[in-house]
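Some notes on the structure that comes next.
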Amino acid sequence: MSFDVIIPFLKPIEHLLLNIGISEIMVNPDGSVWIEEQGHIELQPGIHFEDGALLTGLEVIANRFGKKLDADSPIMNLRLPDGSRMAALIPPVVNSSPMMTIRKFTSRNFNIDDLIEREMLTDSEGETLADHVRRGDNILISGGTGSGKTTLANVLSAFIPDKDRILILEDVAELNIRKPHVISAEIQLDTHRSQIGFGDLLKAALRHRPDRIVVGEIRGAEARVFLDTLNTGHRGSLTTIHANSAQDALRRLAQLATRGSGWSAPLRDVEEECVRCIDVIVHVMNEDGWRHVTEIRTYA
């Protein structure tokens with residue numbers, strides 16, 4: 001049972017955790033419980049935590065995973081043993097009870113044929129993207145929350161040659177790349193240890209001779225370090241970014257790189273740099289539960 005470690009502290013939602021058809025469980029500060037199943041979000045009436053029970057449970061879980069969760073550190077993100085992700089916010093950042101979301105990775109073992117069968121992409125699109133991965137093009141996957149970015153990144157990673165040394169950098173480990181030579185590292189921000197951000201981790205990782213760099217999601221100042229890495233000859237990168245379109249993804253990457261650069265480069269110049277560094281942008285969307293590729297834009 002993959003959720004053994006947390007079930008004793010989350011008894012009211014035990015049956016939801018064990019239901020393999022549910023991909024996301026959300027507990028709101030008002031005490032309501034919601035799930036996502038087959039792309040649809042539904043309220044679960046009749047499920048509730050006793051006063052203080054959820055907060056106590058989250059504090060115990062945080063401690064077991066070496067995380068800090070208290071009034072001074074009210075944000076927690078962690079990876080559960082099966083790869084699922086737990087995120088929590090507690091007062092004072094939410095009022096008046098905790099907020100918790102568990103994303104269950106029911107698609108971690110998908111392959112390209114599974115995505116084609118589910119109409120996430122076509123045979124032609126699948127072969128095109130596989131070819132880009134094999135030849136070492138830099139690929140940026142864009143889309144909104146829950147659009148399937150991580151699922152697509154996992155599937156495309158299968159086409160990385162087995163001989164390549166792959167370095168995975170994430171804030172919370174979600175990627176499940178099944179290759180012979182994989183090293184996975186996570187940033188450390190909400191732990192009892194020293195804080196290590198994405199930029200620090202990426203700089204350190206470059207000293208370990210990666211053939212491929214896979215970044216779970218570009219979301220901040222690490223964008224500048226990431227572009228510098230691509231500019232110095234690293235090929236075959238794979239990463240995701242939140243954006244509304246392929247063009248918007250390029251602009252957002254440039255904006256994040258500008259914020260983290262420490263120098264006032266014109267945004268247009270940084271956008272042109274992004275075009276030189278990124279070979280392919282794949283945009284995915286979730287439309288009423290149908291997660292699918294809507295655009296593949298190539299710059300190579």
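By order in the structure tokens, chains are A, B, ...; within a chain, residues start at 1; ligands start at 1, following the order shown.
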Among stretch 33-277 of chain A, which ones does DSSP assign to strand (DSSP E or B) (computed from the backbone)? Answer as a PyMOL selection string. chain A and resi 33-37+40-43+67+70+73+75-79+85-89+99-103+139-143+166-170+182-186+188+191+196+212-215+238-242
Long-range neighbours of A:Leu55 as a PyMOL selection string, 9 Å cut-off, only C-alpha atoms, 4 positions minimum in chain: chain A and resi 51+59-60+90+97-98
Hey, can you spit out that residue selection with C-alpha atoms as a PDB file, in the first residue's frame?
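out18.pdb, written as the output of this step:
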```pdb
ATOM      1  CA  ASP A  51     -11.145  20.380  14.662  1.00  0.00           C
ATOM      2  CA  GLU A  59       2.719  18.475  11.421  1.00  0.00           C
ATOM      3  CA  VAL A  60       3.485  14.814  12.134  1.00  0.00           C
ATOM      4  CA  ILE A  90      -1.370  26.327   7.279  1.00  0.00           C
ATOM      5  CA  SER A  97      -7.732  25.806   8.886  1.00  0.00           C
ATOM      6  CA  PRO A  98      -5.046  24.112   6.747  1.00  0.00           C
TER       7      PRO A  98
END
```
Once you count only C-alpha atoms, what closest atom pair and distance in Å to one decimal does each residue of stretch 71-152 of chain A within 9 Å of stretch 175-179 of chain A have, with rows by chain and rising residue number, as a Markdown table?
```
| residue | atom | partner | partner_atom | distance |
| --- | --- | --- | --- | --- |
| A:Gly83 | CA | A:Asn176 | CA | 8.0 |
| A:Arg108 | CA | A:Asn176 | CA | 6.4 |
| A:Asn109 | CA | A:Asn176 | CA | 8.1 |
| A:Thr150 | CA | A:Leu175 | CA | 6.7 |
| A:Thr151 | CA | A:Leu175 | CA | 8.1 |
```
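For the choices A:Gly289, A:Gly136, A:Pro81, A:Gly220, the atom-to-atom distance to A:Val5 is smallest for A:Pro81 when using only C-alpha atoms.
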I need the residue nearest A:Ala53 from this list: A:Val27, A:Leu253, A:Leu10, A:Ile241. Use only C-alpha atoms for the distance. A:Leu10
Would you please work out which residue, of A:Pro161, A:Pro210, A:Gly46, A:Pro92, is nearest to A:Leu69 when using only C-alpha atoms? A:Pro92
My list of candidates is A:Asn154, A:Ser84, A:Ser96, A:Ser142. Which is closest to A:Asn111 when distances are computed with only C-alpha atoms? A:Asn154
Can you pull out every residue within 10 Å of A:Ile7, counting only C-alpha atoms, but drop anything in the same chain fewer than 5 positions away, and send it as a list in words?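 Within the cut-off, the hits are Met1, Ser2, Pro12, Ile13, Glu14, His15, Leu17, Leu18, Gly57 and Ile61 of chain A.
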Write to file, as a short mmCIF file (atom, residue, chain, number, x, y, z; two decimals), in the first residue's frame, the residues of the selection just made, with C-alpha atoms.
```
data_model
loop_
_atom_site.label_atom_id
_atom_site.label_comp_id
_atom_site.auth_asym_id
_atom_site.auth_seq_id
_atom_site.Cartn_x
_atom_site.Cartn_y
_atom_site.Cartn_z
CA MET A 1 0.00 0.00 0.00
CA SER A 2 1.76 3.14 -1.21
CA PRO A 12 -11.15 10.70 6.80
CA ILE A 13 -9.75 10.52 3.24
CA GLU A 14 -8.24 7.02 3.41
CA HIS A 15 -10.70 5.64 0.86
CA LEU A 17 -6.13 7.81 -1.20
CA LEU A 18 -6.68 4.14 -2.01
CA GLY A 57 -1.65 15.21 11.06
CA ILE A 61 3.85 14.01 8.42
#
```
Report, in Å with one decimal, the straight-line distance from atom CA of A:Ile20 to atom CA of A:Ile102.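 Value for the atom CA of A:Ile20-atom CA of A:Ile102 distance: 13.0 Å.
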Considering only alpha helix (DSSP H) as DSSP defines it on the backbone, what residues of stretch 2-231 of chain A qualify? List them as a ChimeraX atom specification. /A:14-18,53-64,112-117,123-134,149-156,198-205,222-231
Atom pair atom CA of A:Asp30 / atom CA of A:Lys104: separation (Å):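 Between atom CA of A:Asp30 and atom CA of A:Lys104 the gap is 22.4 Å.
The closest residue to A:Leu54, picked from A:Leu129, A:Ile160, A:Leu250, A:Ile6 and counting only C-alpha atoms, is A:Ile6.
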So which one's closest to A:Met26, A:Leu78, A:Met100, A:Ile47, A:Ala223? Using only C-alpha atoms, please. A:Met100
Show which residues sit within 8 Å of A:Thr239, as a ChimeraX atom specification. Count only C-alpha atoms, and ignore same-chain residues fewer than 6 positions away. /A:139-141,153,214-218
Those same residues, written as a tab-separated table (two decimals), in the first residue's frame with C-alpha atoms?
```tsv
chain	number	residue	atom	x	y	z
A	139	ILE	CA	12.56	20.96	-25.47
A	140	LEU	CA	10.31	23.24	-23.40
A	141	ILE	CA	6.86	21.90	-22.48
A	153	ALA	CA	8.00	14.99	-19.95
A	214	VAL	CA	15.98	17.75	-17.00
A	215	VAL	CA	14.41	20.52	-14.90
A	216	GLY	CA	10.99	19.73	-13.47
A	217	GLU	CA	9.72	23.28	-13.91
A	218	ILE	CA	11.28	26.66	-14.60
```
Surrounding residues of A:Arg134 excluding itself and chain neighbours under 2 positions, 12 Å, only C-alpha atoms, as a list in words: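 The contact residues come out as Glu127, Thr128, Leu129, Ala130, Asp131, His132, Gly136, Asp137, Asn138, Ile139, Leu156, Ser157, Ala158, Phe159, Ile160, Pro161, Asp162, Lys163, Asp164, Arg212, Arg235, Gly236, Ser237 and Leu238 of chain A.
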